[in-house]
Structures are given as C-alpha cells and as structure tokens.
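What follows is upload_25.cif (mmCIF, C-alpha atoms).
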data_structure
#
loop_
_atom_site.label_atom_id
_atom_site.label_comp_id
_atom_site.auth_asym_id
_atom_site.auth_seq_id
_atom_site.Cartn_x
_atom_site.Cartn_y
_atom_site.Cartn_z
CA MET A 15 0.00 0.00 0.00
CA SER A 16 1.28 3.47 -0.83
CA ASP A 17 1.74 6.37 1.57
CA SER A 18 -1.76 7.69 0.88
CA LYS A 19 -4.43 7.28 3.54
CA PRO A 20 -6.28 3.96 3.73
CA ALA A 21 -9.58 5.79 3.21
CA ASP A 22 -8.30 7.24 -0.07
CA GLN A 23 -6.91 3.86 -1.09
CA PHE A 24 -10.24 2.17 -0.54
CA ILE A 25 -12.25 4.81 -2.40
CA ASP A 26 -9.77 4.68 -5.29
CA ALA A 27 -10.10 0.88 -5.37
CA ALA A 28 -13.89 1.11 -5.39
CA ILE A 29 -13.81 3.71 -8.17
CA GLY A 30 -11.51 1.47 -10.18
CA LEU A 31 -13.90 -1.46 -9.83
CA LEU A 32 -16.88 0.71 -10.76
CA GLN A 33 -15.07 1.92 -13.86
CA ARG A 34 -14.31 -1.69 -14.81
CA VAL A 35 -17.91 -2.85 -14.49
CA ARG A 36 -19.14 0.24 -16.31
CA THR A 37 -16.98 -0.68 -19.31
CA GLU A 38 -16.72 -4.46 -19.18
CA GLU A 39 -20.29 -5.24 -18.08
CA ALA A 40 -22.10 -2.63 -20.20
CA GLU A 41 -23.69 -5.20 -22.52
CA ASN A 42 -24.76 -7.44 -19.65
CA ILE A 43 -26.23 -4.49 -17.73
CA GLU A 44 -28.22 -3.54 -20.82
CA ALA A 45 -29.39 -7.13 -21.29
CA ALA A 46 -30.38 -7.48 -17.63
CA GLY A 47 -32.32 -4.22 -17.66
CA THR A 48 -34.07 -5.27 -20.85
CA LEU A 49 -34.97 -8.65 -19.32
CA LEU A 50 -36.58 -6.91 -16.34
CA ALA A 51 -38.45 -4.53 -18.64
CA ASP A 52 -39.68 -7.45 -20.74
CA THR A 53 -40.89 -9.18 -17.57
CA VAL A 54 -42.77 -6.10 -16.37
CA GLU A 55 -44.33 -5.54 -19.80
CA SER A 56 -45.49 -9.16 -20.07
CA GLY A 57 -47.15 -9.12 -16.65
CA GLY A 58 -44.44 -10.98 -14.78
CA ARG A 59 -43.13 -10.27 -11.31
CA LEU A 60 -39.61 -9.37 -10.15
CA PHE A 61 -37.72 -10.88 -7.21
CA ALA A 62 -34.23 -10.51 -5.74
CA PHE A 63 -32.31 -12.82 -3.43
CA GLY A 64 -28.98 -12.67 -1.66
CA ALA A 65 -27.58 -14.47 1.37
CA GLY A 66 -25.55 -12.84 4.14
CA HIS A 67 -23.99 -9.60 3.03
CA SER A 68 -25.10 -10.30 -0.54
CA SER A 69 -28.60 -9.68 0.79
CA LEU A 70 -27.72 -6.02 1.31
CA ALA A 71 -27.65 -5.42 -2.43
CA ALA A 72 -30.91 -7.34 -2.87
CA GLN A 73 -32.65 -5.28 -0.20
CA ASP A 74 -31.29 -2.10 -1.78
CA ILE A 75 -33.57 -2.53 -4.81
CA VAL A 76 -36.73 -3.51 -2.91
CA TYR A 77 -39.32 -0.92 -1.78
CA ARG A 78 -36.87 1.81 -2.70
CA ALA A 79 -37.59 5.43 -3.60
CA GLY A 80 -36.62 5.84 -7.24
CA GLY A 81 -36.78 2.10 -7.77
CA LEU A 82 -39.24 -0.26 -9.42
CA ALA A 83 -42.19 -1.01 -7.15
CA LEU A 84 -42.46 -4.52 -8.57
CA MET A 85 -39.13 -5.74 -7.17
CA ASN A 86 -39.77 -8.11 -4.27
CA LEU A 87 -37.36 -9.68 -1.81
CA LEU A 88 -37.19 -13.48 -1.86
CA ALA A 89 -36.47 -14.13 1.79
CA VAL A 90 -34.88 -17.34 3.06
CA PRO A 91 -35.23 -17.53 6.85
CA GLY A 92 -31.87 -17.41 8.58
CA VAL A 93 -29.79 -16.12 5.67
CA VAL A 94 -31.12 -12.61 4.98
CA GLY A 95 -28.42 -10.48 6.55
CA VAL A 96 -26.64 -11.00 9.85
CA ASP A 97 -29.58 -10.57 12.23
CA VAL A 98 -29.87 -14.30 12.88
CA MET A 99 -28.12 -15.49 16.02
CA PRO A 100 -25.54 -16.81 15.83
CA ALA A 101 -24.59 -15.00 12.64
CA THR A 102 -22.54 -18.02 11.56
CA LEU A 103 -25.76 -20.00 11.15
CA GLY A 104 -26.52 -18.03 8.00
CA SER A 105 -23.23 -19.14 6.45
CA ALA A 106 -23.99 -22.75 7.35
CA LEU A 107 -27.48 -22.61 5.83
CA GLU A 108 -26.01 -21.46 2.50
CA ARG A 109 -24.40 -24.90 2.23
CA VAL A 110 -27.55 -26.95 2.89
CA ASP A 111 -28.76 -29.00 -0.08
CA GLY A 112 -32.49 -28.83 -0.75
CA LEU A 113 -33.15 -25.54 1.00
CA ALA A 114 -33.40 -23.47 -2.19
CA SER A 115 -35.88 -25.85 -3.79
CA ALA A 116 -38.08 -25.80 -0.69
CA VAL A 117 -38.01 -22.00 -0.64
CA LEU A 118 -38.85 -21.61 -4.32
CA HIS A 119 -41.70 -24.12 -4.25
CA SER A 120 -43.16 -22.28 -1.24
CA SER A 121 -42.74 -18.81 -2.78
CA PRO A 122 -44.99 -16.83 -5.17
CA LEU A 123 -42.44 -17.21 -8.00
CA ARG A 124 -43.86 -18.73 -11.17
CA ASP A 125 -43.20 -19.26 -14.84
CA GLY A 126 -42.56 -15.91 -16.54
CA ASP A 127 -41.13 -14.14 -13.50
CA ALA A 128 -37.56 -12.86 -13.16
CA LEU A 129 -35.22 -13.55 -10.24
CA VAL A 130 -32.00 -11.71 -9.45
CA ILE A 131 -29.64 -13.95 -7.45
CA ILE A 132 -26.68 -12.29 -5.76
CA SER A 133 -23.78 -14.37 -4.50
CA LEU A 134 -20.24 -13.07 -4.41
CA SER A 135 -18.57 -16.47 -4.61
CA GLY A 136 -21.40 -18.25 -6.40
CA ARG A 137 -20.08 -21.52 -5.01
CA ASN A 138 -22.49 -22.41 -2.21
CA ALA A 139 -25.35 -24.87 -2.60
CA LEU A 140 -28.09 -22.31 -1.93
CA PRO A 141 -27.53 -19.89 -4.84
CA VAL A 142 -26.54 -22.64 -7.29
CA GLU A 143 -29.58 -24.76 -6.49
CA MET A 144 -31.81 -21.70 -6.51
CA ALA A 145 -30.72 -20.75 -10.03
CA MET A 146 -31.05 -24.32 -11.31
CA THR A 147 -34.50 -24.81 -9.79
CA ALA A 148 -35.76 -21.39 -10.88
CA ARG A 149 -34.86 -21.95 -14.50
CA ALA A 150 -36.49 -25.39 -14.43
CA LEU A 151 -39.67 -23.62 -13.31
CA GLY A 152 -39.54 -21.20 -16.25
CA ILE A 153 -38.15 -18.27 -14.25
CA ARG A 154 -35.54 -16.05 -15.88
CA VAL A 155 -32.41 -15.69 -13.76
CA ILE A 156 -29.94 -12.81 -13.52
CA GLY A 157 -26.86 -13.76 -11.52
CA VAL A 158 -24.60 -11.20 -9.86
CA THR A 159 -21.31 -12.75 -8.81
CA SER A 160 -17.54 -12.59 -9.02
CA VAL A 161 -16.68 -14.91 -11.87
CA ALA A 162 -13.09 -15.19 -10.61
CA TYR A 163 -14.22 -17.47 -7.79
CA ALA A 164 -15.18 -20.18 -10.27
CA SER A 165 -11.60 -20.55 -11.42
CA GLU A 166 -9.93 -20.30 -8.03
CA THR A 167 -12.28 -22.06 -5.59
CA LYS A 168 -14.12 -25.38 -5.41
CA SER A 169 -17.90 -25.48 -5.77
CA ARG A 170 -19.85 -26.55 -2.70
CA HIS A 171 -22.77 -27.81 -4.77
CA THR A 172 -23.02 -31.50 -5.60
CA SER A 173 -22.95 -30.70 -9.34
CA GLY A 174 -19.57 -29.00 -9.05
CA THR A 175 -21.02 -25.96 -10.80
CA TYR A 176 -21.39 -22.30 -9.83
CA LEU A 177 -24.13 -19.68 -9.94
CA LYS A 178 -22.72 -18.33 -13.18
CA ASP A 179 -23.41 -21.65 -14.89
CA HIS A 180 -27.18 -21.46 -14.40
CA CYS A 181 -28.16 -17.91 -15.36
CA ASP A 182 -29.75 -16.28 -18.38
CA ILE A 183 -27.50 -13.27 -17.77
CA VAL A 184 -24.43 -12.96 -15.54
CA LEU A 185 -23.15 -9.68 -14.10
CA ASP A 186 -19.52 -9.99 -13.02
CA SER A 187 -18.65 -7.71 -10.10
CA LYS A 188 -14.90 -8.20 -10.71
CA ILE A 189 -14.31 -8.54 -6.96
CA ALA A 190 -11.08 -10.36 -6.11
CA ILE A 191 -11.10 -13.62 -4.16
CA GLY A 192 -11.57 -12.84 -0.48
CA ASP A 193 -13.34 -9.50 -1.00
CA ALA A 194 -10.73 -7.24 0.58
CA GLU A 195 -9.12 -4.41 -1.34
CA LEU A 196 -6.32 -3.29 0.99
CA THR A 197 -3.24 -4.74 2.62
CA LEU A 198 -0.84 -3.25 5.15
CA ASP A 199 2.43 -4.59 6.50
CA THR A 200 1.24 -4.06 10.06
CA ILE A 201 -2.05 -5.94 9.53
CA PRO A 202 -1.88 -9.74 9.02
CA ALA A 203 -5.07 -10.02 6.93
CA PRO A 204 -6.34 -8.12 3.89
CA PHE A 205 -9.17 -5.71 4.70
CA ALA A 206 -11.75 -3.23 3.33
CA PRO A 207 -14.36 -5.17 1.28
CA ALA A 208 -15.90 -3.46 -1.75
CA SER A 209 -18.41 -6.04 -2.95
CA THR A 210 -21.45 -4.23 -1.53
CA VAL A 211 -20.52 -0.92 -3.17
CA VAL A 212 -19.95 -2.51 -6.56
CA THR A 213 -22.86 -4.94 -6.51
CA SER A 214 -25.32 -2.24 -5.46
CA ALA A 215 -24.08 0.03 -8.23
CA LEU A 216 -24.42 -2.77 -10.78
CA LEU A 217 -27.99 -3.46 -9.75
CA GLN A 218 -29.02 0.18 -9.66
CA ALA A 219 -27.61 0.51 -13.19
CA VAL A 220 -29.77 -2.44 -14.21
CA MET A 221 -32.85 -0.91 -12.59
CA ALA A 222 -32.22 2.41 -14.30
CA THR A 223 -31.91 0.60 -17.62
CA ALA A 224 -35.17 -1.24 -17.01
CA ALA A 225 -37.05 1.97 -16.21
CA ALA A 226 -35.68 3.79 -19.26
CA THR A 227 -36.41 0.80 -21.50
CA LEU A 228 -40.03 0.69 -20.39
CA ALA A 229 -40.39 4.43 -20.97
CA ALA A 230 -38.91 4.09 -24.46
CA ARG A 231 -41.65 1.57 -25.22
CA GLY A 232 -44.34 4.00 -24.11
CA ILE A 233 -44.90 2.26 -20.77
CA GLU A 234 -44.72 4.31 -17.59
CA PRO A 235 -42.32 2.43 -15.30
CA PRO A 236 -43.89 1.61 -11.91
CA LEU A 237 -41.51 3.70 -9.83
CA LEU A 238 -41.77 4.56 -6.16
CA ARG A 239 -41.21 8.05 -4.76
CA SER A 240 -39.78 9.01 -1.41
CA GLY A 241 -42.30 9.15 1.40
CA ASN A 242 -40.32 12.11 2.72
CA VAL A 243 -41.30 14.41 -0.14
CA ASP A 244 -44.72 16.05 -0.37
CA GLY A 245 -47.14 13.83 -2.28
CA GLY A 246 -44.85 10.81 -2.05
CA HIS A 247 -47.25 8.61 -0.10
CA ASP A 248 -50.17 9.43 -2.41
CA TRP A 249 -48.03 8.61 -5.43
CA ASN A 250 -46.92 5.28 -3.96
CA ASN A 251 -50.43 4.33 -2.92
CA ARG A 252 -51.59 4.75 -6.52
CA VAL A 253 -48.74 2.51 -7.70
CA PHE A 254 -49.56 -0.06 -5.01
CA GLU A 255 -53.22 -0.06 -6.05
CA LYS A 256 -52.43 -0.49 -9.72
CA TYR A 257 -49.81 -3.22 -9.28
CA GLY A 258 -50.97 -4.75 -5.99
CA ASP A 259 -51.16 -8.27 -7.41
CA ARG A 260 -47.45 -8.15 -8.27
CA ILE A 261 -46.16 -6.61 -5.05
CA PHE A 262 -45.64 -9.03 -2.18
CA TYR A 263 -43.90 -6.94 0.48
CA ARG A 264 -47.24 -5.33 1.41
CA HIS A 265 -49.21 -8.55 1.94
#
Please lay out the structure from this file as structure tokens.
Amino acid sequence: MSDSKPADQFIDAAIGLLQRVRTEEAENIEAAGTLLADTVESGGRLFAFGAGHSSLAAQDIVYRAGGLALMNLLAVPGVVGVDVMPATLGSALERVDGLASAVLHSSPLRDGDALVIISLSGRNALPVEMAMTARALGIRVIGVTSVAYASETKSRHTSGTYLKDHCDIVLDSKIAIGDAELTLDTIPAPFAPASTVVTSALLQAVMATAAATLAARGIEPPLLRSGNVDGGHDWNNRVFEKYGDRIFYRH
C-alpha cells in the first residue's frame, strides 16, 4: 500500500472497480435491464435474493424510492443479513442442499417471473440450487457474482457448478477472491471489502436501464417516490393499487 491514507486507497479501489464494471459489463447491464423490462411488460413479477452480506444489495432494490415497485425480496429464513443469532448459522445454511428448492416451491415465483440472485462467490449450494430450480420452473435468472471465484475455488454444490453456470444473464462484479481491497504490513489479513458498493451500483444501473427501456416503449415504469417528499405517499399508494397483485412486500 502506498503512503496515501487507507480511506483514499479504498475509495480509489472502489472507483476502479466501478469503472471496470461500467466498461466491461455494459452489454450485460443492458441485457439485464431489458430482461426486467420485458418481464414487467409481459405481466411478470420481479424478485431478488442474496444471502448474508449479498442480501444487502438485494434489499437495496426492494421498496426503494426511485426504484421499481415490482421488485420483491425473496427471503430465506436465517440467511437474509446478519440478524440471525448466531450469525454463523446463516453461512452454514447457505451450504444446505435442498433448501433453495423448498423456498422456491413455497414462494410466489412462477413461470414468466424474473429472479436476481446475488452471490459473491457463487459456489455455495443455496444460490446454485436456486438458479437451477428457478430456470427449471420457467423463471428467468440474472446472476450477480464474481466470476473469478469459479476458477480459483471449489464449488460446494453436488454438481460441481457455480451460480454463473445457471443464469440467463451474468453480471460480473470483478471482486477479487476474499473480497478485501487493501493490505498493510502491520495488519496480518487483507481488509476493506468493496463487494457491496460494486454490486449495489451494478444493480441500480440495471434498474435504471429497465425503467428507461419501459419508458422508451411507451410504458410508464412503476416507480416509487420518497415518502419524505410532499405527495410521495399518495403517489406510492396509486402505484400499489395499480400493481398490488405483483407486489408481495405489502401482503
């Protein structure tokens, strides 16, 4: 690490990753946004899933001011964030075979819907099985992952495959193995993860693309407004009323 401050180093690293995904993932971002727009136009529903810290990026696009009202969180008990005690249980559940299938078959997801699956490593049983099962059910899958993991780690799914192998579209976050951007001679482990920053930016770029694509087709995108601006609640209530059968976080 250079003589510059760690804070500057981290922000520079994050900017570098954002510039990479902006350039290298442009086509995939466009394709993912178009897929979501197609799903909305055809009457389908939108869902997002992530386990552990990957859930942060999923939650960032659900019930969000400026975001699509139709994006729902696919929640798997025990793995959505680090609120479960002990927190290590969530990591263990990601490796349980059969859990994803049980969740999907108990969820509202159906043929014609779209599911965003976020998993940094893409190697655990839960995201791999979820993508495989979803596609078998006729659900379109967008995977957000670090493709590098597939070449440098061993899959924990019985098939030996990774999330990236079972998606209609893959968004590569470019995050290095271990998700830590900085090193220092006086610190024995690498530190400062950037996956949340990059993954959230990728997904917001996809959502922006979806909204603009719908508008270009003459369809008003079902966007939410902030409840902290005048008229925001009235606006959102109209959206909820119009699209209530495709919004599940209010039921």
| To one decimal place, how far is atom CA of His171 of chain A from atom CA of Arg137 of chain A in Å? | 6.8 Å
| query | Which of these, A:Asp186, A:Asp125, A:Asp17, A:Asp179, has the shortest distance to Leu217 of chain A once you count all atoms listed in the file? | reply |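 Closest to Leu217 of chain A, using all atoms listed in the file: A:Asp186.
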| request: List the residues selected by the PyMOL selection byres ((chain A and resi 158) around 7) in the file shown, writing them as a PyMOL selection string. | output: chain A and resi 131-133+156-157+159+184-187
| task | Rank A:Gly136, A:Thr197, A:Pro141, A:Glu41 by their smallest atom-to-atom distance to Thr167 of chain A, using all atoms listed in the file, and report the top residue only. | result |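 Going through A:Gly136, A:Thr197, A:Pro141, A:Glu41 one by one, the smallest distance to Thr167 of chain A is for A:Gly136.
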Expansion of the PyMOL selection byres ((chain A and resi 160) around 7) into residues, as a short mmCIF file (atom, residue, chain, number, x, y, z; two decimals) with C-alpha atoms, keeping the file's coordinate frame:
data_model
loop_
_atom_site.label_atom_id
_atom_site.label_comp_id
_atom_site.auth_asym_id
_atom_site.auth_seq_id
_atom_site.Cartn_x
_atom_site.Cartn_y
_atom_site.Cartn_z
CA LEU A 134 -20.24 -13.07 -4.41
CA SER A 135 -18.57 -16.47 -4.61
CA THR A 159 -21.31 -12.75 -8.81
CA VAL A 161 -16.68 -14.91 -11.87
CA ALA A 162 -13.09 -15.19 -10.61
CA TYR A 163 -14.22 -17.47 -7.79
CA ASP A 186 -19.52 -9.99 -13.02
CA SER A 187 -18.65 -7.71 -10.10
CA LYS A 188 -14.90 -8.20 -10.71
CA ILE A 189 -14.31 -8.54 -6.96
#
| Expressed in Å to a single decimal, how great is the separation between atom CA of Arg109 of chain A and atom CA of Glu39 of chain A? |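 Atom-to-atom, atom CA of Arg109 of chain A to atom CA of Glu39 of chain A, that is 28.6 Å.
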| field | A:Gly232, A:Pro100, A:Gly81, A:Gly58 ranked by distance to Ile153 of chain A, top pick (using all atoms listed in the file) | value | A:Gly58
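Atom CA of Gly47 of chain A is positioned 9.5 Å from atom CA of Leu228 of chain A.
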| message | I need the output of the PyMOL selection byres ((chain A and resi 254) around 12) for this file as an NGL selection string; which residues are they? | response | :A and (77 or 82-84 or 236-239 or 247-253 or 255-265)
| said: Calculated over all atoms listed in the file, which of the candidates A:Arg59, A:Arg36, A:Lys19, A:Arg231 has the smallest distance to Pro122 of chain A? | reply: A:Arg59
| said: Given all atoms listed in the file as the basis, pick out the residue of A:Leu151, A:Leu60, A:Ala65, A:Val243 nearest to Leu103 of chain A. | reply: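 For Leu103 of chain A, the nearest of the given residues is A:Ala65.
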| Given only C-alpha atoms as the counted atoms, nearest of A:Ala114, A:Ala101, A:Leu49, A:Ala230 to Gly64 of chain A |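 The shortest atom-to-atom distance to Gly64 of chain A comes from A:Ala114.
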| request: May I have the protein, DNA and RNA residues with any atom at most 10 Å from the point (-26.4, -1.7, -6.5), counting all atoms listed in the file, written as a ChimeraX atom specification? | output: /A:70-75,209-221
